[in-house]
Structure formats: structure tokens, C-alpha cells
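J.: File upload.tsv below, TSV, C-alpha atoms:
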```tsv
chain	number	residue	atom	x	y	z
A	1	MET	CA	282.18	167.93	149.59
A	2	ALA	CA	282.14	165.49	146.67
A	3	GLN	CA	282.02	166.80	143.16
A	4	PRO	CA	279.70	165.17	140.59
A	5	ILE	CA	281.42	163.28	137.84
A	6	ALA	CA	280.68	164.70	134.46
A	7	LEU	CA	279.26	162.05	132.17
A	8	LYS	CA	279.81	162.74	128.52
A	9	ILE	CA	278.34	160.15	126.16
A	10	PRO	CA	279.45	160.63	122.59
A	11	PRO	CA	276.57	160.81	120.11
A	12	ARG	CA	275.67	157.48	118.48
A	13	ASP	CA	275.94	156.97	114.77
A	14	PRO	CA	274.03	153.72	114.04
A	15	LYS	CA	275.11	153.72	110.40
A	16	GLN	CA	278.78	153.94	111.36
A	17	GLU	CA	278.33	151.20	113.98
A	18	LEU	CA	276.84	148.88	111.35
A	19	LEU	CA	279.65	149.63	108.92
A	20	THR	CA	282.21	148.91	111.63
A	21	ARG	CA	280.54	145.62	112.50
A	22	LEU	CA	280.41	144.68	108.83
A	23	GLU	CA	284.11	145.48	108.40
A	24	GLN	CA	284.97	143.38	111.43
A	25	ALA	CA	282.91	140.39	110.32
A	26	PRO	CA	285.07	137.30	109.84
A	27	ALA	CA	286.15	136.51	106.30
A	28	GLU	CA	284.30	133.18	106.46
A	29	TYR	CA	280.98	135.07	106.29
A	30	ALA	CA	281.94	137.09	103.25
A	31	ALA	CA	280.61	134.53	100.74
A	32	ALA	CA	277.33	134.24	102.64
A	33	LEU	CA	276.95	138.02	102.75
A	34	LEU	CA	277.64	138.35	99.04
A	35	ASP	CA	275.11	135.60	98.29
A	36	SER	CA	272.57	137.36	100.50
A	37	TYR	CA	273.11	140.65	98.69
A	38	GLU	CA	272.73	138.90	95.35
A	39	LEU	CA	269.53	137.19	96.50
A	40	LEU	CA	268.10	140.48	97.77
A	41	GLN	CA	268.92	142.12	94.45
A	42	GLN	CA	267.21	139.34	92.48
A	43	LEU	CA	264.14	139.55	94.70
A	44	HIS	CA	264.07	143.29	94.12
A	45	GLU	CA	264.49	142.93	90.33
A	46	HIS	CA	261.63	140.42	90.14
A	47	GLY	CA	259.31	142.69	92.13
A	48	VAL	CA	258.90	140.34	95.06
A	49	PHE	CA	259.26	143.11	97.61
A	50	THR	CA	256.71	145.25	95.79
A	51	THR	CA	254.27	142.35	95.75
A	52	VAL	CA	254.77	141.61	99.44
A	53	ARG	CA	254.37	145.28	100.33
A	54	GLY	CA	251.15	145.40	98.30
A	55	ALA	CA	249.84	142.27	100.00
A	56	LEU	CA	250.65	143.70	103.42
A	57	GLU	CA	248.94	146.97	102.58
A	58	ALA	CA	245.86	145.12	101.30
A	59	SER	CA	245.90	142.46	104.03
A	60	ASP	CA	242.55	143.57	105.46
A	61	LYS	CA	240.91	143.27	102.04
A	62	LEU	CA	242.58	139.89	101.44
A	63	VAL	CA	241.36	138.57	104.80
A	64	GLU	CA	237.83	139.84	104.09
A	65	ALA	CA	237.79	138.21	100.64
A	66	ALA	CA	239.18	134.93	101.97
A	67	SER	CA	236.71	134.80	104.85
A	68	ALA	CA	233.81	135.66	102.53
A	69	GLY	CA	234.87	132.88	100.16
A	70	ALA	CA	235.36	130.41	102.99
A	71	ASN	CA	231.93	131.26	104.38
A	72	SER	CA	230.08	130.19	101.23
A	73	PRO	CA	228.08	126.93	101.34
A	74	GLU	CA	230.32	125.40	98.66
A	75	ALA	CA	233.51	126.13	100.60
A	76	ILE	CA	232.00	124.72	103.78
A	77	ARG	CA	231.05	121.53	101.89
A	78	ILE	CA	234.57	121.30	100.46
A	79	MET	CA	236.10	121.56	103.93
A	80	ARG	CA	233.68	119.02	105.41
A	81	ASN	CA	234.20	116.61	102.50
A	82	GLY	CA	237.97	117.01	102.80
A	83	ILE	CA	237.83	116.09	106.48
A	84	ILE	CA	235.62	113.08	105.73
A	85	LEU	CA	237.92	111.92	102.91
A	86	ALA	CA	240.96	112.30	105.17
A	87	LYS	CA	239.24	110.21	107.87
A	88	MET	CA	238.25	107.62	105.27
A	89	LEU	CA	241.81	107.37	103.91
A	90	GLY	CA	243.11	107.13	107.46
A	91	SER	CA	240.85	104.17	108.16
A	92	ILE	CA	242.03	102.16	105.13
A	93	ASP	CA	244.91	99.77	105.68
A	94	PRO	CA	247.82	101.05	103.54
A	95	GLU	CA	248.44	97.58	102.14
A	96	VAL	CA	244.84	97.35	100.91
A	97	LEU	CA	245.03	100.81	99.35
A	98	HIS	CA	248.37	99.94	97.75
A	99	GLY	CA	246.88	96.74	96.30
A	100	THR	CA	243.89	98.70	94.97
A	101	CYS	CA	246.19	101.24	93.31
A	102	GLU	CA	248.24	98.44	91.75
A	103	ALA	CA	245.10	96.74	90.42
A	104	ILE	CA	243.83	100.01	88.91
A	105	SER	CA	247.24	100.65	87.38
A	106	GLN	CA	247.36	97.16	85.89
A	107	THR	CA	243.82	97.55	84.53
A	108	PHE	CA	243.98	101.09	83.15
A	109	GLY	CA	247.73	101.75	83.04
A	110	ASN	CA	248.01	101.08	79.31
A	111	ALA	CA	244.86	102.52	77.75
A	112	LYS	CA	245.76	101.04	74.37
A	113	SER	CA	245.48	97.51	75.72
A	114	VAL	CA	241.93	98.00	77.08
A	115	ALA	CA	239.50	95.91	75.05
A	116	TYR	CA	236.88	97.96	73.27
A	117	GLU	CA	234.91	94.95	72.10
A	118	PRO	CA	232.79	93.28	74.77
A	119	PRO	CA	233.86	89.74	75.66
A	120	SER	CA	231.74	86.84	74.49
A	121	LEU	CA	229.37	85.13	76.91
A	122	PHE	CA	231.62	82.09	76.89
A	123	ALA	CA	234.61	84.29	77.86
A	124	LEU	CA	232.56	85.78	80.72
A	125	PHE	CA	231.53	82.36	82.00
A	126	THR	CA	235.13	81.17	81.74
A	127	ALA	CA	236.27	84.20	83.72
A	128	LEU	CA	233.68	83.41	86.42
A	129	ALA	CA	235.56	80.18	87.08
A	130	SER	CA	238.50	82.26	88.32
A	131	ARG	CA	238.75	82.46	92.12
A	132	ASP	CA	240.31	85.91	91.88
A	133	LEU	CA	237.39	87.27	89.84
A	134	ARG	CA	234.87	85.81	92.28
A	135	ARG	CA	236.82	87.31	95.19
A	136	GLY	CA	236.71	90.75	93.51
A	137	MET	CA	233.00	90.38	92.73
A	138	ALA	CA	232.33	89.53	96.38
A	139	LEU	CA	234.24	92.67	97.44
A	140	ILE	CA	232.25	94.85	95.03
A	141	SER	CA	229.02	93.16	96.09
A	142	THR	CA	229.78	93.91	99.75
A	143	LEU	CA	230.62	97.52	98.88
A	144	LEU	CA	227.34	97.93	96.98
A	145	LYS	CA	225.37	96.32	99.83
A	146	ASN	CA	226.94	98.67	102.39
A	147	LEU	CA	226.38	101.67	100.12
A	148	ALA	CA	222.71	100.74	99.68
A	149	TYR	CA	222.34	100.35	103.45
A	150	GLN	CA	223.83	103.81	104.04
A	151	LEU	CA	221.51	105.32	101.40
A	152	LYS	CA	218.53	103.62	103.08
A	153	ILE	CA	219.51	105.03	106.48
A	154	ARG	CA	219.95	108.54	105.04
A	155	THR	CA	216.63	108.36	103.19
A	156	GLN	CA	214.76	107.21	106.32
A	157	SER	CA	216.36	109.89	108.52
A	158	ASN	CA	215.46	112.60	105.96
A	159	ARG	CA	211.82	111.43	105.96
A	160	ASN	CA	211.66	111.53	109.77
A	161	HIS	CA	212.92	115.11	109.94
```
Could you render the structure as C-alpha cells?
T.:
Amino acid sequence: MAQPIALKIPPRDPKQELLTRLEQAPAEYAAALLDSYELLQQLHEHGVFTTVRGALEASDKLVEAASAGANSPEAIRIMRNGIILAKMLGSIDPEVLHGTCEAISQTFGNAKSVAYEPPSLFALFTALASRDLRRGMALISTLLKNLAYQLKIRTQSNRNH
């Protein structure tokens, strides 16, 4: 009859296995390993690991505080307004927005050159002859008209509810 084969597995020493692997690592990784050790040491010295451990231990409290803060009416308004602003910025042609930013920069870029004295009536009438000024006034007029229309709609819908 057949005899069973005795299976003898030597006990594992994970620490020794890691040391052996580390000793057999190619020399090209030595600089990276030393840098990693140095980085770990600096993180330890600056208390990063302690902070992360504390945050992990208090994660339930952090989540509760964050959700309570995010559930406030102000936070909800901030999120809604942020979404609306993002949609608004997405709808503006980048060239128009770039031109607007350039105009604002040219107007307010050097605060020392802004006139503090109001222009004379003659200077205002002379400026009205400029096509560019009239074009800008038409743009602002259209913006104000659209804003007033939106306010009218909102006011009427609030009265109906």
C-alpha cells in the first residue's frame, strides 16, 4: 500500500521575507527608497500622521458637522447660487467675457488715473458723440431692461402664490 508523503512547511517569518526582498531590490530603486524614507520621516516630524489618524478617528463627527453645515439654508443657497453662476458663465461666449475683463482692467486697472472730479456737461455731450460709448450704453440699457423684466416676472409670480 502507498505511504503518505510527509509535508513539512517551514514556519513563515514575514519580517525576514521583507528584509530579504529589500536586500534583493535592484540598486536603481535605492535612491527612490531613501527618498521615500526621508519623506516619511518628514511627515512624521511635522505631525501629519497624527493629524490623519485623528481625522480618521473623528471621521463620524466630521461627517456629522459637515452635513449639518451643508444642511443650513445659507449653505443650500450658496450651492444653488454656485450652480446658477456656473451655468451663467458657461452660457457667455469666452470672447465676450474676455473683452469685458479687458475693458474693466483698462477702466479700473490703474486706480490713480481714475478721475475723481466729475466731467463737465460739455465733456459728457462730447463723449456721447462717440460710437463706442453709445454702443456700451445700448448694451447697459439692454441689460437693465432685461433685469427689470425678470424682476417684474418674479414679483408677479410671488403675488400669485
J.: Between CA of Thr20 in chain A and CA of Leu33 in chain A, what is the distance, to one decimal in Å?
T.: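 CA of Leu33 in chain A lies 15.0 Å from CA of Thr20 in chain A.
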J.: Could you tell me how far CA of Arg53 in chain A sits from CA of Pro14 in chain A, in Å to one decimal place?
T.: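 Distance between the two atoms: 25.4 Å.
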J.: Of the residues A:Glu38, A:Pro118, A:Leu139, A:Leu19, which is the one nearest to Thr100 in chain A, using all atoms listed in the file?
T.: A:Leu139
J.: Take CA of Leu89 in chain A and CA of Leu151 in chain A and report the distance between them in Å, one decimal.
T.: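 Computing it gives 20.6 Å between the two atoms.
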